[in-house]
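Asker: Questions regarding the structure given below will be posed in turn.
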Amino acid sequence: MLTSFAVIGLISHLERGLDESIDAEKEFRARLLLQSARVVAAHPAIESGDPLLRQRVSSVSSYEISLTTEGIYLAINQLATSAPQRQFALRLFEKWGMDTKSAETLVDSIADSLDADDQPRPNGAERDYYMRLGNPHFPFNQPLSDIDDLTFVRGFEELDQLKPDWRDYFTIYGDGTIDVHRAAPEMLEVLFDVTKSEISRFISARDGPDGLPDTIDDRRFTALEEVRGLLDVPPSNYAAAARLLTLDHPIKRTDCVAWAGGLKRRLTVIKGPSVDILREE
């Protein structure tokens, strides 16, 4: 009986060691694939749609690279200094289901949490408001370094309930301009204050003959006048939106995802003026 227990214990120990060895090998392969993907993405000849951006290395190993910019998001840190950004945010929050008063409160409160002073805006909130709620350490009165700090802002709870995936629409690294080549239809619809059908015509032209985004045949605009020619929007709408448009966003984003035997790892690189972020998950 003692011998049997010893043998069973040895087998269990060996199995645990084998499992740990397999997990370590998967981790090593996934990280190696991430570094390979990063090198591929950094090559100057690589463009969106290149087959090298999606490669199956073996039956259980592969990687995928997404090349985009921070211009596809709302640059949340710009709300304190940019009136056009605040108007853009206001319309976006309304589209997500907030009434105008609630949206104005949230926009002003976000701006108050970012600016250096302690004077609340007409619909905003500063330290006195948060102290009454038992949170004397907020606001930080500086640009956000963690997007989740928005959850402390007055009125944000309602937005979180209406739009649980809001993190997919915000950035703390953007310069405030919107990437006309890559921005999602929903963002452009809000920016130009037009209907879905009006934006869909623009998206069809932008995606090129194959009708797919991020492929080799995507249309590249050389001037904003080309964008205006494709958009059937009132001149006042276009003039307001054009201040936030860019054809070549300066802050590039590379997302590399690697799979190795069921293990998934992600590497994000964000580079641009005053921005150099490397994040691995």
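By order of appearance in the structure tokens: chains A, B, ..., then residues from 1 within every chain, and ligands from 1 in the order shown.
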Considering only C-alpha atoms, return as a ChimeraX atom specification whatever protein or nucleic-acid residues lie within 8 Å of segment 243-254 of chain A, sequence-local ones (same chain, fewer than 4 positions apart) excluded.

Answerer: /A:41,65-71,84-85,173-181,221-224,239,268-273,275

Asker: Output N, CA and C atoms for every residue in that selection, as a CSV table (one decimal), in the first residue's frame.

Answerer:
```csv
chain,number,residue,atom,x,y,z
A,41,ALA,N,5.4,44.1,-38.7
A,41,ALA,CA,4.5,45.3,-38.7
A,41,ALA,C,5.4,46.6,-38.8
A,65,ILE,N,-2.0,40.8,-37.1
A,65,ILE,CA,-1.5,42.2,-36.9
A,65,ILE,C,-2.6,43.2,-37.4
A,66,SER,N,-2.9,44.1,-36.6
A,66,SER,CA,-3.8,45.2,-37.0
A,66,SER,C,-3.0,46.5,-36.9
A,67,LEU,N,-3.0,47.2,-38.1
A,67,LEU,CA,-2.4,48.5,-38.2
A,67,LEU,C,-3.4,49.6,-38.2
A,68,THR,N,-3.4,50.5,-37.3
A,68,THR,CA,-4.4,51.6,-37.3
A,68,THR,C,-3.8,52.8,-36.6
A,69,THR,N,-4.6,53.7,-36.1
A,69,THR,CA,-4.1,54.9,-35.4
A,69,THR,C,-5.0,55.2,-34.3
A,70,GLU,N,-4.5,56.1,-33.4
A,70,GLU,CA,-5.3,56.6,-32.3
A,70,GLU,C,-6.5,57.5,-32.8
A,71,GLY,N,-6.4,57.8,-34.1
A,71,GLY,CA,-7.5,58.7,-34.6
A,71,GLY,C,-8.8,58.0,-34.9
A,84,PRO,N,-14.4,71.9,-29.9
A,84,PRO,CA,-14.9,70.9,-30.9
A,84,PRO,C,-14.9,69.5,-30.4
A,85,GLN,N,-13.9,69.1,-29.6
A,85,GLN,CA,-13.9,67.8,-29.0
A,85,GLN,C,-15.1,67.6,-28.0
A,173,TYR,N,-4.4,58.7,-25.6
A,173,TYR,CA,-3.2,59.1,-26.4
A,173,TYR,C,-3.4,59.9,-27.6
A,174,GLY,N,-4.7,60.1,-28.0
A,174,GLY,CA,-4.9,60.8,-29.3
A,174,GLY,C,-4.6,62.3,-29.2
A,175,ASP,N,-4.5,62.9,-30.3
A,175,ASP,CA,-4.2,64.4,-30.4
A,175,ASP,C,-5.5,65.2,-30.7
A,176,GLY,N,-6.6,64.5,-30.8
A,176,GLY,CA,-7.9,65.2,-31.0
A,176,GLY,C,-8.4,65.1,-32.4
A,177,THR,N,-7.6,64.7,-33.4
A,177,THR,CA,-8.0,64.6,-34.7
A,177,THR,C,-8.6,63.2,-35.0
A,178,ILE,N,-9.4,63.1,-36.0
A,178,ILE,CA,-10.1,61.8,-36.4
A,178,ILE,C,-9.5,61.4,-37.7
A,179,ASP,N,-9.1,60.1,-37.8
A,179,ASP,CA,-8.5,59.5,-39.0
A,179,ASP,C,-9.6,59.2,-40.0
A,180,VAL,N,-9.7,60.0,-41.0
A,180,VAL,CA,-10.7,59.8,-42.0
A,180,VAL,C,-10.6,58.5,-42.8
A,181,HIS,N,-9.4,57.9,-42.8
A,181,HIS,CA,-9.2,56.6,-43.5
A,181,HIS,C,-9.6,55.4,-42.7
A,221,PHE,N,-7.2,59.0,-49.7
A,221,PHE,CA,-7.5,60.4,-50.1
A,221,PHE,C,-6.2,61.2,-50.0
A,222,THR,N,-6.0,62.1,-50.9
A,222,THR,CA,-4.9,63.0,-50.9
A,222,THR,C,-5.2,64.4,-50.4
A,223,ALA,N,-6.5,64.7,-50.3
A,223,ALA,CA,-6.9,66.1,-49.8
A,223,ALA,C,-8.3,65.9,-49.2
A,224,LEU,N,-8.6,66.8,-48.2
A,224,LEU,CA,-9.9,66.7,-47.6
A,224,LEU,C,-11.0,67.1,-48.5
A,239,ALA,N,-18.0,72.0,-42.2
A,239,ALA,CA,-17.0,73.0,-41.7
A,239,ALA,C,-16.7,72.7,-40.2
A,268,THR,N,0.7,45.5,-27.8
A,268,THR,CA,0.2,46.8,-28.4
A,268,THR,C,1.4,47.8,-28.4
A,269,VAL,N,1.6,48.4,-29.6
A,269,VAL,CA,2.6,49.4,-29.7
A,269,VAL,C,1.9,50.7,-30.2
A,270,ILE,N,2.1,51.8,-29.4
A,270,ILE,CA,1.5,53.1,-29.8
A,270,ILE,C,2.7,54.1,-29.9
A,271,LYS,N,2.9,54.7,-31.1
A,271,LYS,CA,4.0,55.6,-31.2
A,271,LYS,C,3.6,56.8,-32.0
A,272,GLY,N,4.2,58.0,-31.6
A,272,GLY,CA,3.9,59.2,-32.2
A,272,GLY,C,4.5,60.3,-31.4
A,273,PRO,N,4.2,61.6,-31.8
A,273,PRO,CA,4.8,62.7,-31.0
A,273,PRO,C,4.5,62.6,-29.5
A,275,VAL,N,4.6,60.3,-27.6
A,275,VAL,CA,3.9,59.0,-27.2
A,275,VAL,C,4.8,57.8,-27.6
```

Asker: Determine, counting only C-alpha atoms, which protein, DNA and RNA residues have an atom within 6 Å of an atom of segment 204-209 of chain A; residues of the same chain fewer than 5 positions away are not included. Present the result as a PDB file with C-alpha atoms, in the first residue's frame.

Answerer:
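That gives us out_31.pdb:
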```
ATOM      1  CA  ASP A 217      -7.597  48.345 -52.670  1.00  0.00           C
ATOM      2  CA  ASP A 218      -8.818  50.801 -50.011  1.00  0.00           C
ATOM      3  CA  ARG A 219      -9.043  54.354 -51.312  1.00  0.00           C
TER       4      ARG A 219
END
```

Asker: Could you check the closest approach to Glu64 of chain A for each of A:Ala45, A:Ala30, A:Ala241, A:Val257 and tell me which residue wins, using only C-alpha atoms?

Answerer: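 The answer is A:Val257, which sits nearest to Glu64 of chain A.
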
Asker: Please return, as a PDB file with N, CA and C atoms, in the first residue's frame, all residues of segment 26-255 of chain A that DSSP assigns to strand (DSSP E or B) on the basis of the backbone.

Answerer:
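What follows is the written file states_5.pdb:
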```
ATOM      1  N   ARG A  54      -1.336  38.443 -41.431  1.00  0.00           N
ATOM      2  CA  ARG A  54      -2.071  37.311 -40.853  1.00  0.00           C
ATOM      3  C   ARG A  54      -1.415  36.027 -41.343  1.00  0.00           C
ATOM      4  N   GLN A  55      -0.759  35.346 -40.433  1.00  0.00           N
ATOM      5  CA  GLN A  55      -0.016  34.154 -40.821  1.00  0.00           C
ATOM      6  C   GLN A  55      -0.294  32.991 -39.874  1.00  0.00           C
ATOM      7  N   ARG A  56      -0.526  31.808 -40.470  1.00  0.00           N
ATOM      8  CA  ARG A  56      -0.622  30.571 -39.682  1.00  0.00           C
ATOM      9  C   ARG A  56       0.722  29.868 -39.782  1.00  0.00           C
ATOM     10  N   SER A  61      -0.325  27.302 -34.143  1.00  0.00           N
ATOM     11  CA  SER A  61       0.342  28.582 -33.906  1.00  0.00           C
ATOM     12  C   SER A  61       0.039  29.554 -35.045  1.00  0.00           C
ATOM     13  N   SER A  62      -0.280  30.808 -34.683  1.00  0.00           N
ATOM     14  CA  SER A  62      -0.560  31.822 -35.695  1.00  0.00           C
ATOM     15  C   SER A  62      -0.442  33.200 -35.068  1.00  0.00           C
ATOM     16  N   TYR A  63      -0.396  34.215 -35.929  1.00  0.00           N
ATOM     17  CA  TYR A  63      -0.423  35.582 -35.427  1.00  0.00           C
ATOM     18  C   TYR A  63      -1.245  36.451 -36.366  1.00  0.00           C
ATOM     19  N   GLU A  64      -1.722  37.561 -35.823  1.00  0.00           N
ATOM     20  CA  GLU A  64      -2.525  38.523 -36.587  1.00  0.00           C
ATOM     21  C   GLU A  64      -2.139  39.925 -36.158  1.00  0.00           C
ATOM     22  N   ILE A  65      -1.971  40.820 -37.127  1.00  0.00           N
ATOM     23  CA  ILE A  65      -1.528  42.183 -36.861  1.00  0.00           C
ATOM     24  C   ILE A  65      -2.572  43.172 -37.375  1.00  0.00           C
ATOM     25  N   SER A  66      -2.888  44.150 -36.554  1.00  0.00           N
ATOM     26  CA  SER A  66      -3.794  45.220 -36.952  1.00  0.00           C
ATOM     27  C   SER A  66      -3.024  46.536 -36.949  1.00  0.00           C
ATOM     28  N   LEU A  67      -3.034  47.232 -38.084  1.00  0.00           N
ATOM     29  CA  LEU A  67      -2.368  48.526 -38.203  1.00  0.00           C
ATOM     30  C   LEU A  67      -3.421  49.623 -38.249  1.00  0.00           C
ATOM     31  N   THR A  68      -3.408  50.479 -37.271  1.00  0.00           N
ATOM     32  CA  THR A  68      -4.383  51.569 -37.252  1.00  0.00           C
ATOM     33  C   THR A  68      -3.753  52.785 -36.576  1.00  0.00           C
ATOM     34  N   THR A  69      -4.566  53.710 -36.105  1.00  0.00           N
ATOM     35  CA  THR A  69      -4.066  54.911 -35.438  1.00  0.00           C
ATOM     36  C   THR A  69      -4.965  55.235 -34.250  1.00  0.00           C
ATOM     37  N   LEU A  74     -12.247  58.679 -29.683  1.00  0.00           N
ATOM     38  CA  LEU A  74     -12.431  59.997 -29.092  1.00  0.00           C
ATOM     39  C   LEU A  74     -11.261  60.255 -28.150  1.00  0.00           C
ATOM     40  N   ALA A  75     -10.521  61.324 -28.394  1.00  0.00           N
ATOM     41  CA  ALA A  75      -9.350  61.665 -27.572  1.00  0.00           C
ATOM     42  C   ALA A  75      -9.825  62.332 -26.285  1.00  0.00           C
ATOM     43  N   PHE A 170     -12.689  55.187 -26.766  1.00  0.00           N
ATOM     44  CA  PHE A 170     -11.908  56.275 -26.178  1.00  0.00           C
ATOM     45  C   PHE A 170     -10.413  55.977 -26.235  1.00  0.00           C
ATOM     46  N   THR A 171      -9.620  57.046 -26.269  1.00  0.00           N
ATOM     47  CA  THR A 171      -8.174  56.915 -26.143  1.00  0.00           C
ATOM     48  C   THR A 171      -7.649  58.037 -25.246  1.00  0.00           C
ATOM     49  N   ILE A 178      -9.442  63.100 -36.027  1.00  0.00           N
ATOM     50  CA  ILE A 178     -10.076  61.836 -36.407  1.00  0.00           C
ATOM     51  C   ILE A 178      -9.503  61.357 -37.735  1.00  0.00           C
ATOM     52  N   ASP A 179      -9.104  60.109 -37.774  1.00  0.00           N
ATOM     53  CA  ASP A 179      -8.488  59.503 -38.954  1.00  0.00           C
ATOM     54  C   ASP A 179      -9.576  59.154 -39.971  1.00  0.00           C
ATOM     55  N   LEU A 245     -10.662  66.587 -38.670  1.00  0.00           N
ATOM     56  CA  LEU A 245     -10.281  65.540 -39.615  1.00  0.00           C
ATOM     57  C   LEU A 245      -8.795  65.573 -39.946  1.00  0.00           C
ATOM     58  N   THR A 246      -8.229  64.400 -40.179  1.00  0.00           N
ATOM     59  CA  THR A 246      -6.857  64.306 -40.673  1.00  0.00           C
ATOM     60  C   THR A 246      -6.760  63.134 -41.641  1.00  0.00           C
ATOM     61  N   LYS A 252       0.465  56.323 -34.426  1.00  0.00           N
ATOM     62  CA  LYS A 252       0.183  55.015 -35.006  1.00  0.00           C
ATOM     63  C   LYS A 252      -0.006  53.968 -33.913  1.00  0.00           C
ATOM     64  N   ARG A 253      -0.870  53.015 -34.197  1.00  0.00           N
ATOM     65  CA  ARG A 253      -1.155  51.933 -33.254  1.00  0.00           C
ATOM     66  C   ARG A 253      -1.002  50.585 -33.957  1.00  0.00           C
ATOM     67  N   THR A 254      -0.240  49.689 -33.352  1.00  0.00           N
ATOM     68  CA  THR A 254      -0.060  48.330 -33.869  1.00  0.00           C
ATOM     69  C   THR A 254      -0.501  47.342 -32.796  1.00  0.00           C
ATOM     70  N   ASP A 255      -1.460  46.498 -33.134  1.00  0.00           N
ATOM     71  CA  ASP A 255      -1.914  45.438 -32.225  1.00  0.00           C
ATOM     72  C   ASP A 255      -1.521  44.094 -32.814  1.00  0.00           C
TER      73      ASP A 255
END
```

Asker: Give me, as a ChimeraX atom specification, the residues of segment 38-142 of chain A that a backbone DSSP run labels helix (DSSP H, G or I).

Answerer: /A:38-42,51-53,70-72,76-78,83-95,100-114,127-132

Asker: Would you work out the distance separating atom CA of Asp148 of chain A from atom CA of Phe192 of chain A, expressed in Å to one decimal?

Answerer: 27.8 Å

Asker: Hey, what's within 8 Å of Asn123 of chain A if we count only C-alpha atoms and toss same-chain stuff fewer than 3 positions away? As a list in words, please?

Answerer: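 So the residues in contact are Glu104, Thr105, Leu106, Asp108, Ser109 and Pro120 of chain A.
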